[in-house]
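Text of coords_8.txt, listed as compact mmCIF, C-alpha atoms and all ligand atoms:
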```txt
# COMPACT_ATOMS: atom_id res chain seq x y z
CA MET H 14 -13.59 -17.50 -2.51
CA LYS H 15 -12.72 -16.09 0.90
CA ASN H 16 -9.61 -18.25 0.99
CA PHE H 17 -8.71 -17.11 -2.46
CA VAL H 18 -8.99 -13.42 -1.46
CA LEU H 19 -6.94 -14.02 1.68
CA ALA H 20 -4.30 -15.89 -0.31
CA ALA H 21 -4.17 -13.05 -2.83
CA ILE H 22 -3.76 -10.46 -0.06
CA PHE H 23 -1.00 -12.47 1.62
CA GLY H 24 0.63 -13.02 -1.76
CA LEU H 25 0.65 -9.30 -2.38
CA LEU H 26 2.00 -8.56 1.07
CA GLY H 27 4.72 -11.19 0.62
CA GLY H 28 5.65 -9.73 -2.75
CA ALA H 29 5.81 -6.23 -1.31
CA ALA H 30 7.97 -7.45 1.58
CA SER H 31 10.48 -9.15 -0.68
CA LEU H 32 10.53 -6.09 -2.94
CA ALA H 33 11.25 -3.91 0.07
CA GLN H 34 13.99 -6.32 1.13
CA GLU H 35 15.57 -6.14 -2.30
CA LYS H 36 15.43 -2.37 -2.20
CA THR H 37 17.01 -2.13 1.23
CA SER H 38 19.78 -4.67 0.58
CA PRO H 39 22.93 -2.55 0.50
CA SER H 40 24.34 -4.69 -2.29
CA ALA H 41 21.32 -4.57 -4.62
CA SER H 42 22.81 -2.50 -7.44
CA LEU H 43 26.50 -3.41 -7.42
CA ALA H 44 28.58 -4.37 -10.45
CA LEU H 45 26.01 -3.41 -13.08
CA THR H 46 28.93 -3.66 -15.48
CA PRO H 47 31.83 -6.10 -14.93
CA PRO H 48 34.11 -4.89 -12.10
CA MET H 49 37.45 -3.40 -13.17
CA GLY H 50 40.54 -3.02 -11.02
CA TRP H 51 43.82 -4.54 -9.93
CA ASN H 52 44.62 -7.57 -7.73
CA SER H 53 47.92 -8.56 -6.14
CA TRP H 54 47.89 -12.33 -6.69
CA ASN H 55 48.99 -12.98 -10.27
CA LYS H 56 52.21 -11.01 -9.93
CA PHE H 57 53.00 -10.81 -6.21
CA ASN H 58 51.42 -13.92 -4.66
CA CYS H 59 51.94 -13.73 -0.88
CA ASN H 60 54.32 -10.80 -1.14
CA VAL H 61 51.78 -8.11 -0.18
CA SER H 62 52.29 -5.10 2.10
CA GLU H 63 50.92 -1.67 2.84
CA ASP H 64 53.71 -0.09 0.78
CA LEU H 65 53.06 -2.29 -2.22
CA ILE H 66 49.31 -1.69 -2.17
CA LYS H 67 49.62 2.06 -1.70
CA GLY H 68 52.22 2.24 -4.46
CA MET H 69 49.97 0.30 -6.77
CA ALA H 70 46.99 2.51 -5.95
CA ASP H 71 49.14 5.54 -6.87
CA ALA H 72 50.10 3.80 -10.10
CA VAL H 73 46.44 3.08 -10.96
CA VAL H 74 45.90 6.83 -10.96
CA LYS H 75 49.20 7.96 -12.54
CA SER H 76 49.18 5.39 -15.34
CA GLY H 77 45.73 6.41 -16.55
CA MET H 78 44.24 3.07 -15.49
CA LYS H 79 41.76 4.87 -13.23
CA ASP H 80 40.62 7.07 -16.10
CA ALA H 81 40.18 3.94 -18.20
CA GLY H 82 37.79 2.53 -15.55
CA TYR H 83 39.97 0.44 -13.21
CA ILE H 84 38.60 1.28 -9.77
CA TYR H 85 39.12 -1.63 -7.37
CA VAL H 86 42.49 -2.17 -5.66
CA ASN H 87 42.26 -5.68 -4.26
CA ILE H 88 44.60 -7.39 -1.82
CA ASP H 89 44.55 -11.15 -2.38
CA ASP H 90 45.78 -13.88 -0.02
CA CYS H 91 48.31 -13.47 2.81
CA TRP H 92 47.39 -10.12 4.38
CA GLN H 93 46.09 -12.02 7.43
CA VAL H 94 48.11 -14.05 9.96
CA SER H 95 45.89 -15.20 12.83
CA ARG H 96 42.85 -14.54 14.98
CA ASP H 97 43.03 -12.75 18.32
CA ALA H 98 41.50 -13.92 21.61
CA ASN H 99 38.11 -12.55 20.51
CA GLY H 100 38.26 -14.32 17.20
CA ASN H 101 38.93 -11.14 15.22
CA ILE H 102 41.08 -11.57 12.14
CA VAL H 103 44.60 -10.13 12.57
CA PRO H 104 46.41 -8.50 9.65
CA ASP H 105 50.16 -9.15 9.35
CA PRO H 106 51.59 -6.48 11.70
CA GLN H 107 54.92 -6.30 9.87
CA ARG H 108 53.47 -5.95 6.40
CA PHE H 109 50.44 -3.84 7.34
CA PRO H 110 51.78 -1.85 10.31
CA HIS H 111 48.92 0.66 10.28
CA GLY H 112 46.19 -1.94 9.87
CA MET H 113 43.73 -2.41 7.05
CA LYS H 114 41.56 0.66 7.58
CA ALA H 115 44.58 2.86 6.90
CA VAL H 116 45.11 1.07 3.60
CA GLY H 117 41.44 1.43 2.72
CA ASP H 118 41.45 5.13 3.65
CA TYR H 119 44.44 5.72 1.40
CA ILE H 120 42.82 3.90 -1.53
CA HIS H 121 39.60 5.86 -1.00
CA SER H 122 41.49 9.15 -0.84
CA LEU H 123 42.50 8.51 -4.46
CA GLY H 124 38.89 7.97 -5.53
CA LEU H 125 39.43 4.21 -5.79
CA LYS H 126 37.75 1.27 -4.06
CA PHE H 127 39.22 -1.26 -1.66
CA GLY H 128 39.10 -5.05 -1.91
CA VAL H 129 40.26 -7.88 0.37
CA TYR H 130 40.36 -11.65 0.14
CA SER H 131 39.27 -14.46 2.43
CA ASP H 132 38.08 -18.02 2.14
CA ALA H 133 34.86 -19.88 2.93
CA GLY H 134 36.78 -22.69 4.62
CA SER H 135 38.92 -22.99 7.73
CA GLN H 136 42.04 -21.72 5.96
CA THR H 137 42.81 -19.78 2.81
CA CYS H 138 44.67 -21.43 -0.06
CA ALA H 139 47.93 -20.09 1.38
CA LYS H 140 46.99 -21.55 4.78
CA ARG H 141 46.07 -18.27 6.46
CA PRO H 142 42.98 -18.22 8.71
CA GLY H 143 39.77 -18.60 6.67
CA GLY H 144 36.31 -17.22 7.35
CA LEU H 145 34.47 -20.37 8.42
CA GLY H 146 32.45 -19.69 11.57
CA HIS H 147 33.51 -16.04 11.62
CA GLU H 148 31.46 -14.77 8.66
CA TYR H 149 29.43 -12.11 10.52
CA GLN H 150 32.36 -11.06 12.68
CA ASP H 151 34.61 -10.66 9.63
CA ALA H 152 31.94 -8.78 7.69
CA ILE H 153 31.59 -6.24 10.48
CA LEU H 154 35.36 -5.66 10.46
CA TYR H 155 35.50 -5.41 6.67
CA ALA H 156 32.71 -2.82 6.73
CA ALA H 157 34.57 -0.88 9.44
CA TRP H 158 37.73 -0.90 7.30
CA GLY H 159 35.78 0.44 4.32
CA VAL H 160 36.05 -2.71 2.24
CA ASP H 161 34.14 -2.48 -1.07
CA TYR H 162 34.95 -5.89 -2.60
CA LEU H 163 35.48 -9.34 -1.12
CA LYS H 164 37.01 -12.21 -3.05
CA TYR H 165 35.95 -15.36 -1.21
CA ASP H 166 37.95 -18.47 -2.01
CA TRP H 167 37.13 -22.18 -1.62
CA CYS H 168 40.20 -23.93 -0.19
CA ASN H 169 39.88 -26.13 2.91
CA THR H 170 36.10 -26.36 2.80
CA THR H 171 35.91 -30.18 3.23
CA THR H 172 32.19 -31.09 3.17
CA GLN H 173 30.75 -27.56 3.07
CA ASP H 174 27.96 -26.81 0.63
CA ALA H 175 29.14 -24.13 -1.76
CA ARG H 176 25.83 -22.44 -2.37
CA ALA H 177 24.96 -22.25 1.34
CA SER H 178 28.45 -21.03 2.24
CA TYR H 179 28.36 -18.14 -0.22
CA ALA H 180 24.75 -17.27 0.66
CA ASN H 181 25.85 -17.08 4.29
CA MET H 182 28.70 -14.71 3.47
CA ARG H 183 26.45 -12.47 1.40
CA ALA H 184 23.97 -12.32 4.28
CA ALA H 185 26.81 -11.43 6.64
CA LEU H 186 28.08 -8.65 4.37
CA ASP H 187 24.60 -7.22 3.96
CA ALA H 188 23.99 -7.37 7.69
CA ALA H 189 27.13 -5.28 8.17
CA GLY H 190 25.33 -2.60 6.18
CA ARG H 191 27.99 -1.72 3.56
CA PRO H 192 27.65 -2.38 -0.17
CA ILE H 193 30.37 -4.96 -0.87
CA VAL H 194 30.92 -6.75 -4.17
CA LEU H 195 31.02 -10.51 -3.54
CA SER H 196 33.46 -12.35 -5.80
CA ILE H 197 32.81 -16.08 -5.58
CA CYS H 198 36.07 -17.94 -6.15
CA GLU H 199 34.91 -21.53 -6.23
CA TRP H 200 36.67 -22.45 -9.51
CA GLY H 201 33.46 -23.67 -11.18
CA THR H 202 33.41 -26.95 -9.25
CA ALA H 203 29.79 -26.73 -8.08
CA LYS H 204 28.63 -24.84 -11.21
CA PRO H 205 28.27 -21.45 -9.49
CA TRP H 206 26.69 -19.98 -12.64
CA LEU H 207 23.54 -21.94 -11.66
CA TRP H 208 23.20 -20.30 -8.23
CA GLY H 209 25.70 -17.44 -7.96
CA LYS H 210 23.18 -14.73 -8.81
CA GLU H 211 20.53 -16.06 -6.43
CA VAL H 212 22.90 -16.06 -3.46
CA GLY H 213 23.95 -12.49 -4.18
CA GLY H 214 27.30 -13.18 -5.82
CA ASN H 215 28.37 -10.46 -8.24
CA LEU H 216 30.88 -12.62 -10.09
CA TRP H 217 31.95 -16.22 -9.92
CA ARG H 218 35.05 -17.95 -11.16
CA THR H 219 34.19 -20.50 -13.84
CA THR H 220 37.54 -22.36 -13.83
CA GLY H 221 40.68 -23.16 -11.93
CA ASP H 222 43.48 -20.60 -11.85
CA ILE H 223 44.80 -18.81 -14.88
CA GLN H 224 48.52 -18.93 -15.58
CA ASP H 225 50.54 -16.53 -17.67
CA ARG H 226 50.48 -18.87 -20.67
CA TRP H 227 48.74 -18.99 -24.06
CA GLY H 228 47.29 -22.50 -23.97
CA GLY H 229 46.93 -25.84 -22.30
CA GLN H 230 46.54 -27.08 -18.78
CA GLN H 231 49.45 -27.87 -16.49
CA LYS H 232 49.67 -29.62 -13.15
CA TRP H 233 50.69 -27.45 -10.18
CA PRO H 234 54.14 -28.11 -8.67
CA ASP H 235 52.51 -30.25 -5.93
CA GLY H 236 50.99 -32.53 -8.59
CA SER H 237 47.40 -31.32 -8.21
CA CYS H 238 45.37 -30.31 -11.27
CA CYS H 239 45.69 -27.72 -12.96
CA SER H 240 46.55 -24.25 -14.03
CA ASN H 241 45.06 -23.00 -17.29
CA GLY H 242 46.40 -21.08 -20.23
CA VAL H 243 44.23 -18.46 -21.90
CA LEU H 244 42.84 -20.80 -24.58
CA SER H 245 42.02 -23.50 -22.07
CA ILE H 246 40.03 -21.00 -19.98
CA LEU H 247 38.35 -19.67 -23.11
CA ASP H 248 37.16 -23.16 -24.09
CA GLN H 249 35.66 -23.63 -20.63
CA GLN H 250 33.36 -20.60 -21.13
CA LEU H 251 31.37 -22.25 -23.93
CA GLY H 252 27.69 -22.40 -23.05
CA LEU H 253 27.90 -20.20 -19.96
CA GLN H 254 26.99 -16.91 -21.63
CA SER H 255 23.32 -16.88 -20.69
CA TYR H 256 24.15 -16.87 -16.97
CA ALA H 257 25.86 -13.46 -17.09
CA GLY H 258 24.16 -10.09 -16.87
CA PRO H 259 24.21 -6.78 -15.01
CA GLY H 260 25.21 -7.42 -11.39
CA HIS H 261 26.27 -11.04 -11.90
CA TRP H 262 29.14 -12.13 -14.14
CA ASN H 263 31.03 -15.23 -15.16
CA ASP H 264 34.66 -14.72 -14.10
CA PRO H 265 37.28 -16.46 -16.27
CA ASP H 266 39.91 -15.27 -13.75
CA MET H 267 42.11 -12.21 -13.53
CA LEU H 268 44.26 -10.79 -16.30
CA GLU H 269 47.86 -11.85 -16.89
CA VAL H 270 48.52 -9.01 -19.36
CA GLY H 271 52.03 -7.69 -18.76
CA ASN H 272 53.36 -10.48 -16.55
CA GLY H 273 55.88 -11.66 -19.11
CA GLY H 274 54.80 -15.17 -20.08
CA MET H 275 53.05 -14.32 -23.35
CA THR H 276 53.81 -12.21 -26.39
CA ASP H 277 52.16 -8.83 -26.82
CA THR H 278 50.02 -10.34 -29.59
CA GLU H 279 48.82 -13.00 -27.15
CA TYR H 280 48.16 -10.40 -24.45
CA LYS H 281 46.05 -8.41 -26.92
CA SER H 282 44.06 -11.57 -27.68
CA HIS H 283 43.67 -12.37 -23.96
CA PHE H 284 42.41 -8.84 -23.25
CA SER H 285 40.10 -8.72 -26.28
CA LEU H 286 38.54 -12.10 -25.48
CA TRP H 287 37.98 -11.21 -21.82
CA ALA H 288 36.24 -7.99 -22.93
CA LEU H 289 34.04 -9.91 -25.34
CA LEU H 290 33.15 -12.33 -22.53
CA ALA H 291 32.02 -9.37 -20.38
CA ALA H 292 34.58 -10.62 -17.88
CA PRO H 293 35.66 -8.67 -14.83
CA LEU H 294 38.82 -6.84 -15.95
CA ILE H 295 41.08 -7.24 -12.94
CA SER H 296 44.63 -6.48 -13.98
CA GLY H 297 47.36 -8.47 -12.28
CA ASN H 298 50.66 -6.96 -13.39
CA ASP H 299 53.00 -4.39 -11.85
CA LEU H 300 51.39 -1.10 -12.85
CA ARG H 301 54.34 0.92 -11.54
CA ASN H 302 56.55 0.04 -14.49
CA MET H 303 54.52 -1.09 -17.47
CA ARG H 304 55.96 -1.07 -20.97
CA PRO H 305 54.00 1.33 -23.22
CA GLU H 306 52.69 -1.64 -25.22
CA ILE H 307 51.20 -3.18 -22.07
CA HIS H 308 49.77 0.16 -20.97
CA ASP H 309 48.12 0.57 -24.37
CA ILE H 310 46.55 -2.89 -24.19
CA LEU H 311 45.12 -2.42 -20.70
CA THR H 312 43.80 1.07 -21.41
CA ASN H 313 42.32 0.52 -24.88
CA LYS H 314 39.08 2.38 -24.29
CA GLU H 315 37.32 0.93 -27.33
CA VAL H 316 37.91 -2.63 -26.15
CA ILE H 317 36.98 -1.70 -22.58
CA ALA H 318 33.73 -0.18 -23.90
CA VAL H 319 32.81 -3.60 -25.28
CA ASP H 320 33.39 -5.18 -21.87
CA GLN H 321 31.44 -2.43 -20.10
CA ASP H 322 28.55 -2.22 -22.56
CA ALA H 323 25.40 -1.47 -20.58
CA LEU H 324 23.34 -4.28 -22.10
CA GLY H 325 25.52 -6.67 -20.14
CA ARG H 326 25.53 -9.51 -22.67
CA GLU H 327 28.37 -12.00 -22.56
CA GLY H 328 29.71 -12.81 -26.02
CA GLU H 329 29.93 -16.33 -27.40
CA ARG H 330 31.65 -18.35 -30.07
CA VAL H 331 29.55 -18.25 -33.24
CA ALA H 332 31.80 -20.11 -35.67
CA LYS H 333 34.78 -22.47 -35.57
CA SER H 334 36.77 -24.11 -38.30
CA GLY H 335 40.01 -25.69 -37.15
CA ASP H 336 42.16 -22.95 -35.66
CA GLN H 337 39.85 -20.20 -36.88
CA GLU H 338 37.18 -18.92 -34.55
CA VAL H 339 34.64 -16.11 -34.59
CA TRP H 340 33.30 -14.72 -31.31
CA ALA H 341 30.53 -12.12 -31.10
CA LYS H 342 28.77 -10.02 -28.48
CA GLN H 343 25.59 -8.02 -28.87
CA LEU H 344 25.86 -4.38 -27.79
CA LYS H 345 23.21 -2.07 -26.37
CA ASP H 346 22.96 0.02 -29.53
CA GLY H 347 22.20 -3.06 -31.62
CA GLY H 348 25.75 -3.33 -32.95
CA ARG H 349 28.00 -6.32 -32.46
CA ALA H 350 31.55 -6.65 -31.21
CA VAL H 351 33.31 -9.37 -33.17
CA ILE H 352 36.63 -11.15 -32.65
CA LEU H 353 38.35 -13.12 -35.38
CA LEU H 354 40.69 -15.42 -33.46
CA ASN H 355 43.60 -17.33 -34.97
CA ARG H 356 44.69 -20.12 -32.63
CA GLY H 357 47.17 -21.47 -35.19
CA SER H 358 50.81 -20.79 -35.86
CA GLY H 359 50.62 -19.11 -39.31
CA ASP H 360 48.71 -16.13 -40.70
CA GLN H 361 45.08 -16.96 -41.53
CA GLU H 362 42.33 -15.23 -43.43
CA ILE H 363 39.24 -15.34 -41.20
CA SER H 364 35.71 -14.25 -42.15
CA VAL H 365 32.55 -13.47 -40.27
CA ASN H 366 29.26 -13.45 -42.13
CA TRP H 367 26.34 -11.37 -40.96
CA GLU H 368 24.04 -14.32 -40.34
CA GLU H 369 26.49 -15.70 -37.79
CA ILE H 370 26.08 -12.50 -35.77
CA GLY H 371 22.31 -12.20 -36.17
CA TYR H 372 21.93 -9.87 -39.15
CA PRO H 373 20.34 -10.52 -42.55
CA SER H 374 23.08 -11.09 -45.11
CA GLY H 375 21.86 -8.32 -47.42
CA ILE H 376 22.49 -5.36 -45.14
CA SER H 377 25.56 -3.21 -45.11
CA ALA H 378 27.29 -2.25 -41.88
CA VAL H 379 30.15 -0.04 -40.76
CA VAL H 380 33.13 -2.02 -39.50
CA ARG H 381 35.54 -0.40 -37.07
CA ASP H 382 38.86 -1.92 -35.95
CA LEU H 383 39.20 -1.50 -32.17
CA TRP H 384 42.99 -1.98 -32.12
CA LEU H 385 43.77 0.21 -35.15
CA HIS H 386 41.18 2.73 -33.91
CA LYS H 387 39.98 3.09 -37.45
CA ASP H 388 36.76 2.78 -39.45
CA LEU H 389 37.40 0.22 -42.16
CA GLY H 390 34.36 1.17 -44.27
CA LYS H 391 30.99 -0.37 -45.10
CA PHE H 392 30.69 -4.07 -45.76
CA THR H 393 27.74 -6.11 -47.04
CA GLY H 394 27.13 -9.67 -45.88
CA GLU H 395 30.55 -10.39 -44.43
CA PHE H 396 33.90 -9.09 -43.32
CA SER H 397 37.29 -10.82 -43.58
CA ALA H 398 40.75 -10.02 -42.34
CA THR H 399 44.18 -11.59 -42.13
CA VAL H 400 44.88 -12.53 -38.54
CA ALA H 401 48.36 -13.09 -37.11
CA PRO H 402 49.20 -16.36 -35.30
CA HIS H 403 47.73 -16.35 -31.77
CA GLY H 404 46.24 -12.99 -32.67
CA VAL H 405 42.85 -11.39 -33.02
CA VAL H 406 41.23 -8.80 -35.18
CA MET H 407 38.57 -7.12 -33.06
CA VAL H 408 35.92 -4.98 -34.68
CA THR H 409 32.50 -3.54 -34.12
CA VAL H 410 29.86 -4.09 -36.78
CA ARG H 411 27.10 -1.48 -36.90
CA PRO H 412 24.32 -1.61 -39.52
C1 LIG T 1 43.29 -19.70 -5.24
C2 LIG T 1 42.58 -18.70 -6.12
C3 LIG T 1 43.59 -17.70 -6.66
C4 LIG T 1 44.30 -17.00 -5.50
C5 LIG T 1 44.93 -18.02 -4.58
C6 LIG T 1 45.45 -17.39 -3.30
O1 LIG T 1 44.17 -20.49 -5.98
O2 LIG T 1 41.91 -19.32 -7.16
O3 LIG T 1 42.98 -16.74 -7.50
O4 LIG T 1 43.38 -16.20 -4.80
O5 LIG T 1 44.00 -19.04 -4.20
O6 LIG T 1 46.03 -18.32 -2.43
```
As structure tokens, the full file:
Amino acid sequence: MKNFVLAAIFGLLGGAASLAQEKTSPSASLALTPPMGWNSWNKFNCNVSEDLIKGMADAVVKSGMKDAGYIYVNIDDCWQVSRDANGNIVPDPQRFPHGMKAVGDYIHSLGLKFGVYSDAGSQTCAKRPGGLGHEYQDAILYAAWGVDYLKYDWCNTTTQDARASYANMRAALDAAGRPIVLSICEWGTAKPWLWGKEVGGNLWRTTGDIQDRWGGQQKWPDGSCCSNGVLSILDQQLGLQSYAGPGHWNDPDMLEVGNGGMTDTEYKSHFSLWALLAAPLISGNDLRNMRPEIHDILTNKEVIAVDQDALGREGERVAKSGDQEVWAKQLKDGGRAVILLNRGSGDQEISVNWEEIGYPSGISAVVRDLWLHKDLGKFTGEFSATVAPHGVVMVTVRP
């Protein structure tokens, strides 16, 4: 009995201690909805500089992207060139002549947040110095620069354990005392959806890199496998939906909307599907000179609201018949967001019936088209629409 009482007391104390720890962790309540922002990689690759980043931050504000919810301005690979005699990471002095804090200060002055990129291995994917062995030192510098978001890549990690490596980086960031979103970029190799949340990751890539293409996988120029088109990434999300939730998201990679390799119809589908997947919406195009069509895709507030819905459910495929697919996501108010997707090359009539989305077939529900911005009326049991090739019809269904 005595032992039992002691065990109970220690159990309680332990519980209280871990609760207190959770409360005091600076990163405890980050990314309660999927992060939104801009990242340099998809369009600019290694061609990053202070001027580019500041110009893009200005454009986030001027284009209305900030008002639509895009907050993070993230510099991807190639801002760093070496380490100094003390092991501190050195930004490229030509491209970032005023250092990284100046860039962060500028981004913050616009009411935006600042992201950088590094790698869990010895070198980044573009062969710049990685974070291995410098995790705590780097985290202290990032915090001093005002970094709010770290994308942490997985190149050149040889025999490292992924879970331990990312847990170590989260511990380092927390020890530096600043809330910093941790974006795990491990490409899905070690199934990060199984452990990403536990190690304090806020999002984790589920696949290899996206390319500005509708479908298929292609080998990289060096012969290694593979870059993914939108449909190929989509197919790799099947079954992962239960791992996502507030603070921890599956990441099907950054957006290619506006980069020129797909039609506007395909970009609309790409954007709609990412929103339904509760994916981080990290734009990757040149925001300084977007066509109006691209602007209207990226800032469609009704589609963004689906992505940012506070319930934090990731949508899933609920029906498939050949090239016709139906995807659905439960919303906080009990409604559903639904995508009718036509993967084929001719117009198709696609239907969703209420049972597929978790409603009794007898009820009637208001259907609203999120691209036409129009209520389509009340429907009982099902809804159908003609969908263009490679296109979507995206609606909400509310009983
Ligand atoms: C990897 C990542 C990309 C990008 C590049 C940078 O390929 O998956 O998103 O960050 O590295 O080199």
Write out, as a tab-separated table, each residue of chain H that has an atom at most 7 Å from ligand LIG 1 (chain T), together with the closest pair of atoms and their distance in Å to one decimal, counting only C-alpha atoms and all ligand atoms, rows going by chain and rising number.
```
residue	atom	partner	partner_atom	distance
H:Trp54	CA	T:LIG1	C4	6.0
H:Asp89	CA	T:LIG1	O4	5.7
H:Asp90	CA	T:LIG1	C6	4.8
H:Thr137	CA	T:LIG1	O6	6.3
H:Cys138	CA	T:LIG1	O6	4.1
H:Ala139	CA	T:LIG1	O6	4.6
H:Asp166	CA	T:LIG1	C2	6.2
H:Cys198	CA	T:LIG1	O2	6.1
H:Trp200	CA	T:LIG1	O2	6.5
H:Gly221	CA	T:LIG1	O2	6.2
H:Asp222	CA	T:LIG1	O2	5.1
```
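Compared by their closest atoms to Ser358 in chain H, and using all atoms listed in the file, the residues H:Val400, H:Leu216, H:Met182, H:Ala323 rank with H:Val400 nearest.
Proximity of H:Arg381, H:Pro106, H:Asn313, H:Tyr372 to Glu395 in chain H, computed with only C-alpha atoms, is greatest for H:Tyr372.
Nearest to Ser42 in chain H of all the residues H:Met113, H:Asn60, H:Arg226, H:Gly260 is H:Gly260, based on all atoms listed in the file.
Using only C-alpha atoms, the protein and nucleic acid residues lying no more than 8 Å from Gly144 in chain H, apart from those fewer than 2 places from it along its own chain, are Ser131, Asp132, Ala133, Gly134, Ser135, Gln136, Pro142, Gly146, His147, Glu148 and Asp151 of chain H.
Interatomic distance, CA of Ile310 in chain H to CA of Gly359 in chain H: 22.5 Å.
Distance check against Gln254 in chain H using all atoms listed in the file: of H:Gly325, H:Pro47, H:Gly375, H:Gly236, the minimum falls on H:Gly325.
CA of Lys333 in chain H is positioned 13.1 Å from CA of Glu362 in chain H.
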Could you state the separation of CA of Gln231 in chain H and CA of Lys140 in chain H in Å, given to one decimal place?
22.3 Å
Mind listing as a PyMOL selection string all residues within 9 Å of (38.9, -4.2, 0.0), counting only C-alpha atoms?
chain H and resi 85-88+113+116-117+126-130+155+158-164+193
Looking at H:Met267, H:Ile376, H:Ala185, H:Val405, which one is nearest to Ser285 in chain H, with distances taken over only C-alpha atoms?
H:Val405
With all atoms listed in the file as the basis for distance, which of H:Asp97, H:Gly229, H:Thr409, H:Cys238 is at the shortest distance from Asp388 in chain H?
H:Thr409
